[in-house]
$ cat input-v3.cif   # mmCIF, C-alpha atoms
data_final
loop_
_atom_site.label_atom_id
_atom_site.label_comp_id
_atom_site.auth_asym_id
_atom_site.auth_seq_id
_atom_site.Cartn_x
_atom_site.Cartn_y
_atom_site.Cartn_z
CA MET A 1 81.39 126.93 79.18
CA ALA A 2 82.37 123.38 79.99
CA GLY A 3 82.97 124.31 83.64
CA PRO A 4 79.44 125.60 84.37
CA LEU A 5 77.88 122.73 82.41
CA ARG A 6 79.88 120.16 84.35
CA HIS A 7 79.02 121.86 87.65
CA GLY A 8 75.33 121.84 86.75
CA ALA A 9 75.45 118.19 85.75
CA LEU A 10 77.10 117.26 89.04
CA ARG A 11 74.47 119.22 90.99
CA LEU A 12 71.73 117.36 89.12
CA LEU A 13 73.43 114.04 89.78
CA ASP A 14 73.60 114.86 93.50
CA LEU A 15 69.84 115.46 93.49
CA VAL A 16 69.12 112.14 91.78
CA LEU A 17 71.81 110.16 93.61
CA PRO A 18 72.65 112.09 96.79
CA PRO A 19 76.17 111.61 98.20
CA ARG A 20 76.48 108.95 100.87
CA CYS A 21 78.78 108.62 103.87
CA LEU A 22 81.80 106.53 102.91
CA SER A 23 81.34 104.44 106.04
CA CYS A 24 77.69 104.04 107.05
CA GLY A 25 75.90 105.13 103.88
CA VAL A 26 73.66 107.91 105.21
CA GLU A 27 73.19 111.02 103.07
CA VAL A 28 75.94 113.65 103.40
CA GLY A 29 76.54 117.06 101.88
CA ALA A 30 79.42 116.19 99.56
CA VAL A 31 80.88 113.29 97.62
CA GLY A 32 83.70 111.51 99.46
CA ALA A 33 82.65 112.66 102.92
CA LEU A 34 81.89 111.02 106.25
CA CYS A 35 78.78 111.82 108.27
CA PRO A 36 79.35 113.65 111.59
CA ASP A 37 78.91 110.48 113.66
CA CYS A 38 81.41 108.46 111.61
CA TRP A 39 83.85 111.39 111.49
CA ARG A 40 83.85 111.63 115.27
CA GLY A 41 84.51 107.91 115.55
CA ILE A 42 87.60 107.88 113.31
CA ARG A 43 90.87 108.45 115.16
CA PHE A 44 92.83 110.54 112.68
CA ILE A 45 96.57 110.52 113.36
CA ALA A 46 98.35 113.83 113.87
CA ALA A 47 101.43 115.06 115.72
CA PRO A 48 102.92 114.14 118.07
CA HIS A 49 103.98 110.85 116.55
CA CYS A 50 107.14 108.81 115.98
CA ALA A 51 109.32 110.48 113.36
CA ARG A 52 110.11 107.06 111.85
CA CYS A 53 107.06 104.78 111.92
CA GLY A 54 104.36 107.39 112.59
CA LEU A 55 103.08 105.76 115.79
CA PRO A 56 100.94 108.42 117.51
CA PHE A 57 101.88 109.56 121.01
CA ASP A 58 99.43 110.80 123.62
CA TYR A 59 101.94 113.52 124.42
CA ASP A 60 105.48 114.54 123.51
CA PRO A 61 107.63 114.34 126.67
CA LEU A 62 110.58 116.08 124.99
CA GLY A 63 108.63 118.71 123.06
CA THR A 64 110.38 117.89 119.79
CA PRO A 65 108.96 116.86 116.38
CA ASP A 66 111.71 114.29 115.72
CA LEU A 67 110.98 111.95 118.62
CA ILE A 68 111.43 108.24 117.81
CA CYS A 69 109.48 105.52 119.61
CA GLY A 70 111.18 102.79 121.61
CA ALA A 71 110.34 100.09 119.06
CA CYS A 72 112.08 101.99 116.25
CA VAL A 73 115.09 102.64 118.48
CA ALA A 74 115.40 98.95 119.37
CA HIS A 75 114.64 97.66 115.86
CA PRO A 76 115.02 100.38 113.21
CA PRO A 77 112.54 99.78 110.38
CA LEU A 78 113.74 98.94 106.89
CA PHE A 79 111.88 101.94 105.48
CA ASP A 80 112.83 105.54 106.25
CA ARG A 81 109.53 107.06 107.41
CA CYS A 82 105.87 106.08 107.53
CA ARG A 83 102.76 108.20 107.91
CA SER A 84 99.18 106.95 108.22
CA VAL A 85 95.79 108.64 107.99
CA PHE A 86 93.94 107.02 110.88
CA ALA A 87 94.10 104.27 113.49
CA TYR A 88 92.76 100.86 112.50
CA ASP A 89 90.18 100.03 115.15
CA ASP A 90 86.49 99.14 115.57
CA ALA A 91 85.38 102.53 114.24
CA SER A 92 87.46 102.42 111.05
CA ARG A 93 87.39 98.69 110.31
CA SER A 94 84.25 98.76 108.15
CA LEU A 95 85.67 101.67 106.15
CA VAL A 96 88.89 99.78 105.40
CA LEU A 97 87.35 96.36 104.78
CA GLY A 98 84.64 97.79 102.55
CA PHE A 99 87.35 99.30 100.36
CA LYS A 100 89.59 96.25 100.50
CA HIS A 101 87.08 93.43 100.09
CA GLY A 102 83.70 95.04 99.43
CA ASP A 103 84.26 96.56 95.98
CA ARG A 104 84.11 100.11 97.39
CA THR A 105 86.54 101.38 94.79
CA ASP A 106 84.57 104.64 94.73
CA CYS A 107 86.30 105.52 98.03
CA ALA A 108 89.75 105.73 96.43
CA PRO A 109 89.66 109.43 95.35
CA ALA A 110 88.61 110.59 98.83
CA PHE A 111 91.17 108.33 100.50
CA ALA A 112 93.86 109.74 98.20
CA GLN A 113 93.07 113.25 99.48
CA TRP A 114 93.50 112.01 103.05
CA LEU A 115 96.78 110.31 102.12
CA ALA A 116 98.04 113.52 100.53
CA ARG A 117 97.45 115.41 103.77
CA ALA A 118 98.92 112.71 106.02
CA GLY A 119 101.96 112.24 103.79
CA ALA A 120 102.50 115.86 102.77
CA GLY A 121 106.01 115.95 104.20
CA LEU A 122 106.94 112.75 102.37
CA LEU A 123 105.42 113.81 99.05
CA THR A 124 107.54 116.95 98.90
CA GLU A 125 110.67 114.79 98.89
CA ALA A 126 109.48 111.91 96.69
CA ASP A 127 111.15 111.90 93.27
CA GLY A 128 107.82 111.74 91.48
CA MET A 129 107.70 107.98 92.09
CA ILE A 130 104.75 106.46 93.93
CA ALA A 131 104.39 102.68 94.06
CA PRO A 132 101.82 100.39 95.68
CA VAL A 133 102.46 97.20 97.59
CA PRO A 134 101.60 94.59 94.93
CA LEU A 135 99.22 91.65 95.09
CA HIS A 136 100.14 88.25 93.72
CA ARG A 137 98.54 87.71 90.32
CA TRP A 138 96.26 84.93 91.59
CA ARG A 139 94.92 87.10 94.42
CA LEU A 140 94.52 89.98 91.99
CA LEU A 141 92.42 87.78 89.69
CA LYS A 142 90.26 86.73 92.63
CA ARG A 143 89.79 90.25 94.06
CA ARG A 144 89.72 91.96 90.63
CA TYR A 145 91.62 95.03 91.87
CA ASN A 146 94.57 95.96 94.05
CA GLN A 147 93.31 98.45 96.62
CA SER A 148 96.82 99.79 97.23
CA ALA A 149 97.30 100.39 93.51
CA LEU A 150 94.03 102.36 93.40
CA LEU A 151 95.29 104.52 96.26
CA ALA A 152 98.64 105.06 94.52
CA LEU A 153 97.07 105.92 91.15
CA ASN A 154 94.64 108.40 92.70
CA LEU A 155 97.39 109.91 94.86
CA GLY A 156 99.60 110.33 91.81
CA ARG A 157 96.78 111.96 89.85
CA LEU A 158 96.01 114.30 92.75
CA THR A 159 99.60 115.39 93.38
CA GLY A 160 100.96 115.38 89.83
CA ARG A 161 103.41 112.56 90.53
CA VAL A 162 103.89 109.38 88.56
CA ALA A 163 102.31 106.27 90.04
CA MET A 164 104.08 103.08 89.01
CA PRO A 165 101.69 100.20 89.84
CA ASP A 166 104.09 97.64 88.37
CA LEU A 167 107.29 98.88 90.07
CA LEU A 168 107.21 95.91 92.43
CA ILE A 169 106.19 92.33 91.69
CA ARG A 170 104.88 89.84 94.23
CA ARG A 171 106.67 86.80 92.92
CA ARG A 172 105.08 84.23 95.20
CA ALA A 173 101.68 83.90 96.79
CA THR A 174 101.79 84.28 100.56
CA PRO A 175 99.21 83.11 103.10
CA SER A 176 97.15 85.80 104.81
CA GLN A 177 99.03 87.78 107.45
CA GLY A 178 96.01 87.71 109.75
CA GLY A 179 96.67 86.07 113.11
CA LEU A 180 100.44 85.92 112.67
CA SER A 181 102.93 87.36 115.15
CA ALA A 182 105.35 90.09 114.10
CA LYS A 183 108.06 87.49 113.48
CA GLY A 184 105.59 85.27 111.65
CA ARG A 185 104.56 88.13 109.41
CA ALA A 186 108.19 88.90 108.58
CA ARG A 187 108.88 85.25 107.72
CA ASN A 188 105.71 85.05 105.66
CA VAL A 189 106.73 87.84 103.27
CA GLU A 190 110.48 87.22 103.22
CA GLY A 191 111.60 87.00 99.61
CA ALA A 192 108.06 87.56 98.32
CA PHE A 193 108.82 90.76 96.38
CA MET A 194 111.12 91.85 93.59
CA VAL A 195 111.67 95.02 91.59
CA ASN A 196 110.26 94.79 88.09
CA PRO A 197 113.29 94.34 85.78
CA ARG A 198 111.85 97.01 83.46
CA CYS A 199 111.94 99.56 86.30
CA ARG A 200 115.39 98.93 87.77
CA GLU A 201 117.03 101.94 86.15
CA ALA A 202 114.26 104.24 87.40
CA VAL A 203 114.76 103.02 90.98
CA LYS A 204 118.48 103.74 91.16
CA GLY A 205 119.10 106.81 93.30
CA ALA A 206 115.38 107.54 93.67
CA ARG A 207 113.34 108.31 96.77
CA VAL A 208 110.32 106.02 96.46
CA LEU A 209 106.97 106.53 98.20
CA LEU A 210 105.28 103.20 98.95
CA VAL A 211 101.50 103.09 99.37
CA ASP A 212 99.56 100.44 101.29
CA ASP A 213 96.15 100.14 102.91
CA VAL A 214 96.99 99.02 106.46
CA PHE A 215 100.21 99.12 108.50
CA THR A 216 100.18 96.39 111.16
CA THR A 217 103.75 95.47 112.10
CA GLY A 218 105.52 96.97 109.08
CA ALA A 219 106.65 93.56 107.81
CA THR A 220 105.18 93.91 104.32
CA VAL A 221 106.32 97.47 103.61
CA GLY A 222 109.65 96.65 105.25
CA GLU A 223 110.25 93.76 102.86
CA CYS A 224 109.30 95.98 99.92
CA ALA A 225 111.68 98.66 101.16
CA LYS A 226 114.46 96.09 101.45
CA VAL A 227 114.24 95.02 97.82
CA LEU A 228 113.99 98.64 96.65
CA ARG A 229 117.12 99.51 98.63
CA ARG A 230 118.95 96.55 97.14
CA ALA A 231 117.94 97.78 93.69
CA GLY A 232 119.57 101.14 94.43
CA ALA A 233 116.79 103.32 95.86
CA ARG A 234 118.19 106.21 97.87
CA ALA A 235 115.31 106.14 100.36
CA VAL A 236 111.91 104.52 100.82
CA ASP A 237 109.05 106.27 102.61
CA VAL A 238 105.62 104.80 103.27
CA VAL A 239 102.10 106.20 103.48
CA THR A 240 99.13 104.05 104.51
CA LEU A 241 95.43 104.61 104.93
CA ALA A 242 95.31 102.99 108.37
CA ARG A 243 97.64 101.58 110.98
CA VAL A 244 97.29 99.38 114.01
CA VAL A 245 98.14 101.47 117.06
CA ARG A 246 99.74 99.59 119.92
CA PRO A 247 99.84 101.21 123.37
CA VAL A 248 103.06 103.05 124.21
CA THR A 249 104.29 101.54 127.48
CA LEU A 250 106.46 103.09 130.17
CA GLY A 251 109.33 101.00 128.82
CA ASP A 252 108.77 102.47 125.38
CA ALA A 253 108.77 105.97 126.81
CA GLY A 254 112.07 105.31 128.55
CA ASN A 255 113.62 104.23 125.25
CA MET A 256 112.43 107.19 123.20
CA THR A 257 115.05 109.37 121.58
CA THR A 258 115.36 112.05 118.94
CA SER A 259 116.37 111.29 115.38
CA GLN A 260 119.69 113.09 115.88
CA ASN A 261 120.61 110.58 118.58
CA SER A 262 119.42 107.43 116.81
#

$ encode --input "input-v3.cif" --output "structure tokens"
Amino acid sequence: MAGPLRHGALRLLDLVLPPRCLSCGVEVGAVGALCPDCWRGIRFIAAPHCARCGLPFDYDPLGTPDLICGACVAHPPLFDRCRSVFAYDDASRSLVLGFKHGDRTDCAPAFAQWLARAGAGLLTEADGMIAPVPLHRWRLLKRRYNQSALLALNLGRLTGRVAMPDLLIRRRATPSQGGLSAKGRARNVEGAFMVNPRCREAVKGARVLLVDDVFTTGATVGECAKVLRRAGARAVDVVTLARVVRPVTLGDAGNMTTSQNS
């Protein structure tokens, strides 16, 4: 009986407070949806993409799913694999920033569903351990919530895996990464993270799935992966809501290889 009653209550709620597009706010047919115009504007990432960092390719010159981009060949990332839902660009910026800075915590369940699809291959291998990139306590007090932790908690609830929001600790406050070069970003977060002493035994031998909101250069998730590896993690994969997509140049294409050859 509870099922029909709940369904009826939700239908009534939709009549009183109709669902709104997660991005622009116009009425839509279901909770957690985008309107057709916003959906068309979002560049969702799908194959072909780099088998390591998830950078999308316009085409796959070798016709293989394990192609690695030139950047990952030249400088292998500290994490094992990364997958992202969509490209971070003009069309998706308001969606991300509204969630990150605009108190749009209501978006987290829908975003978790998108993360589950984008990271399906990673979730099947994760040892039930999902962890967010942490905020420093002072920034957490100012913002009132950690958007990456909300994603991790909702993803764990959706997939039946354990989210550990306190697995990592941000032990020092770091300036904003905005405007920094790739090297500057790496220097900025160097030594900023540590594994929670209470979780060290759980990390040993585990395959951890890190969750973050935006992948820019990979410096932040790379530093997190480094400390998890040092603590004994067997592997560290990453799933993010968005990622900055740099153009793949001819030089990159010439340096591409398959994972067997890397």

$ residues_around --input "input-v3.cif" --residues "Glu223 of chain A" --least-positions-apart "3" --cutoff "12 Å" --atoms "all atoms listed in the file" --output "MDAnalysis selection string"
chainID A and resid 77:79 133:134 168:170 185:195 210 217:220 226:230 236 238

$ atom_distance --input "input-v3.cif" --atom1 "atom CA of Arg20 of chain A" --atom2 "atom CA of Trp39 of chain A"
13.2 Å

$ resolve_selection --input "input-v3.cif" --expression "the PyMOL selection byres ((chain A and resi 82-84) around 7)" --output "PDB file with C-alpha atoms, keeping the file's coordinate frame"
ATOM      1  CA  ILE A  45      96.570 110.520 113.360  1.00  0.00           C
ATOM      2  CA  ARG A  52     110.110 107.060 111.850  1.00  0.00           C
ATOM      3  CA  CYS A  53     107.060 104.780 111.920  1.00  0.00           C
ATOM      4  CA  GLY A  54     104.360 107.390 112.590  1.00  0.00           C
ATOM      5  CA  ARG A  81     109.530 107.060 107.410  1.00  0.00           C
ATOM      6  CA  VAL A  85      95.790 108.640 107.990  1.00  0.00           C
ATOM      7  CA  PHE A  86      93.940 107.020 110.880  1.00  0.00           C
ATOM      8  CA  ALA A 118      98.920 112.710 106.020  1.00  0.00           C
ATOM      9  CA  GLY A 119     101.960 112.240 103.790  1.00  0.00           C
ATOM     10  CA  ASP A 237     109.050 106.270 102.610  1.00  0.00           C
ATOM     11  CA  VAL A 238     105.620 104.800 103.270  1.00  0.00           C
ATOM     12  CA  VAL A 239     102.100 106.200 103.480  1.00  0.00           C
ATOM     13  CA  THR A 240      99.130 104.050 104.510  1.00  0.00           C
ATOM     14  CA  LEU A 241      95.430 104.610 104.930  1.00  0.00           C
ATOM     15  CA  ALA A 242      95.310 102.990 108.370  1.00  0.00           C
ATOM     16  CA  ARG A 243      97.640 101.580 110.980  1.00  0.00           C
TER      17      ARG A 243
END

$ resolve_selection --input "input-v3.cif" --expression "the PyMOL selection byres ((chain A and resi 152-161) around 7)" --output "list in words"
Ala108, Pro109, Ala112, Ala116, Gly128, Met129, Ile130, Ala131, Pro132, Ser148, Ala149, Leu150, Leu151, Val162, Ala163 and Val211 of chain A

$ atom_distance --input "input-v3.cif" --atom1 "atom CA of Val244 of chain A" --atom2 "atom CA of Asp89 of chain A"
7.2 Å

$ atom_distance --input "input-v3.cif" --atom1 "atom CA of Ile68 of chain A" --atom2 "atom CA of Ala91 of chain A"
26.9 Å

$ closest_residue --input "input-v3.cif" --among "A:Gly232, A:Pro19, A:Pro165, A:Gly41" --to "Ala87 of chain A" --atoms "all atoms listed in the file"
A:Gly41

$ closest_residue --input "input-v3.cif" --among "A:Asp213, A:Asp80, A:Asp66, A:Glu27" --to "Ala233 of chain A" --atoms "only C-alpha atoms"
A:Asp80

$ closest_residue --input "input-v3.cif" --among "A:Cys107, A:Leu55, A:Ala47, A:Val73" --to "Phe215 of chain A" --atoms "all atoms listed in the file"
A:Leu55

$ resolve_selection --input "input-v3.cif" --expression "the PyMOL selection byres ((chain A and resi 201-204) around 8)" --output "PyMOL selection string"
chain A and resi 198-200+205-208+228+231-234

$ write_last_selection --input "input-v3.cif" --atoms "C-alpha atoms" --output "mmCIF file, keeping the file's coordinate frame"
data_model
loop_
_atom_site.group_PDB
_atom_site.id
_atom_site.type_symbol
_atom_site.label_atom_id
_atom_site.label_comp_id
_atom_site.auth_asym_id
_atom_site.auth_seq_id
_atom_site.Cartn_x
_atom_site.Cartn_y
_atom_site.Cartn_z
ATOM 1 C CA ARG A 198 111.850 97.010 83.460
ATOM 2 C CA CYS A 199 111.940 99.560 86.300
ATOM 3 C CA ARG A 200 115.390 98.930 87.770
ATOM 4 C CA GLY A 205 119.100 106.810 93.300
ATOM 5 C CA ALA A 206 115.380 107.540 93.670
ATOM 6 C CA ARG A 207 113.340 108.310 96.770
ATOM 7 C CA VAL A 208 110.320 106.020 96.460
ATOM 8 C CA LEU A 228 113.990 98.640 96.650
ATOM 9 C CA ALA A 231 117.940 97.780 93.690
ATOM 10 C CA GLY A 232 119.570 101.140 94.430
ATOM 11 C CA ALA A 233 116.790 103.320 95.860
ATOM 12 C CA ARG A 234 118.190 106.210 97.870
#

$ axis_aligned_box --input "input-v3.cif" --around "segment 182-195 of chain A" --padding-each-side "4 Å" --output "AutoDock Vina command-line options"
--center_x 108.1 --center_y 90.0 --center_z 102.8 --size_x 15.1 --size_y 18.0 --size_z 30.5

$ closest_residue --input "input-v3.cif" --among "A:Asp90, A:His136, A:Tyr59, A:Phe44" --to "Arg117 of chain A" --atoms "only C-alpha atoms"
A:Phe44

$ closest_residue --input "input-v3.cif" --among "A:Asn146, A:Asn196, A:Thr105, A:Thr216" --to "Tyr88 of chain A" --atoms "only C-alpha atoms"
A:Thr216

$ residues_around --input "input-v3.cif" --residues "His101 of chain A" --least-positions-apart "6" --cutoff "10 Å" --atoms "all atoms listed in the file" --output "mmCIF file with C-alpha atoms, in the coordinates of the input"
data_model
loop_
_atom_site.group_PDB
_atom_site.id
_atom_site.type_symbol
_atom_site.label_atom_id
_atom_site.label_comp_id
_atom_site.auth_asym_id
_atom_site.auth_seq_id
_atom_site.Cartn_x
_atom_site.Cartn_y
_atom_site.Cartn_z
ATOM 1 C CA ARG A 143 89.790 90.250 94.060
ATOM 2 C CA ARG A 144 89.720 91.960 90.630
ATOM 3 C CA TYR A 145 91.620 95.030 91.870
ATOM 4 C CA ASN A 146 94.570 95.960 94.050
ATOM 5 C CA GLN A 147 93.310 98.450 96.620
#

$ closest_residue --input "input-v3.cif" --among "A:Leu97, A:Val245, A:Leu123, A:Cys35" --to "Phe57 of chain A" --atoms "only C-alpha atoms"
A:Val245
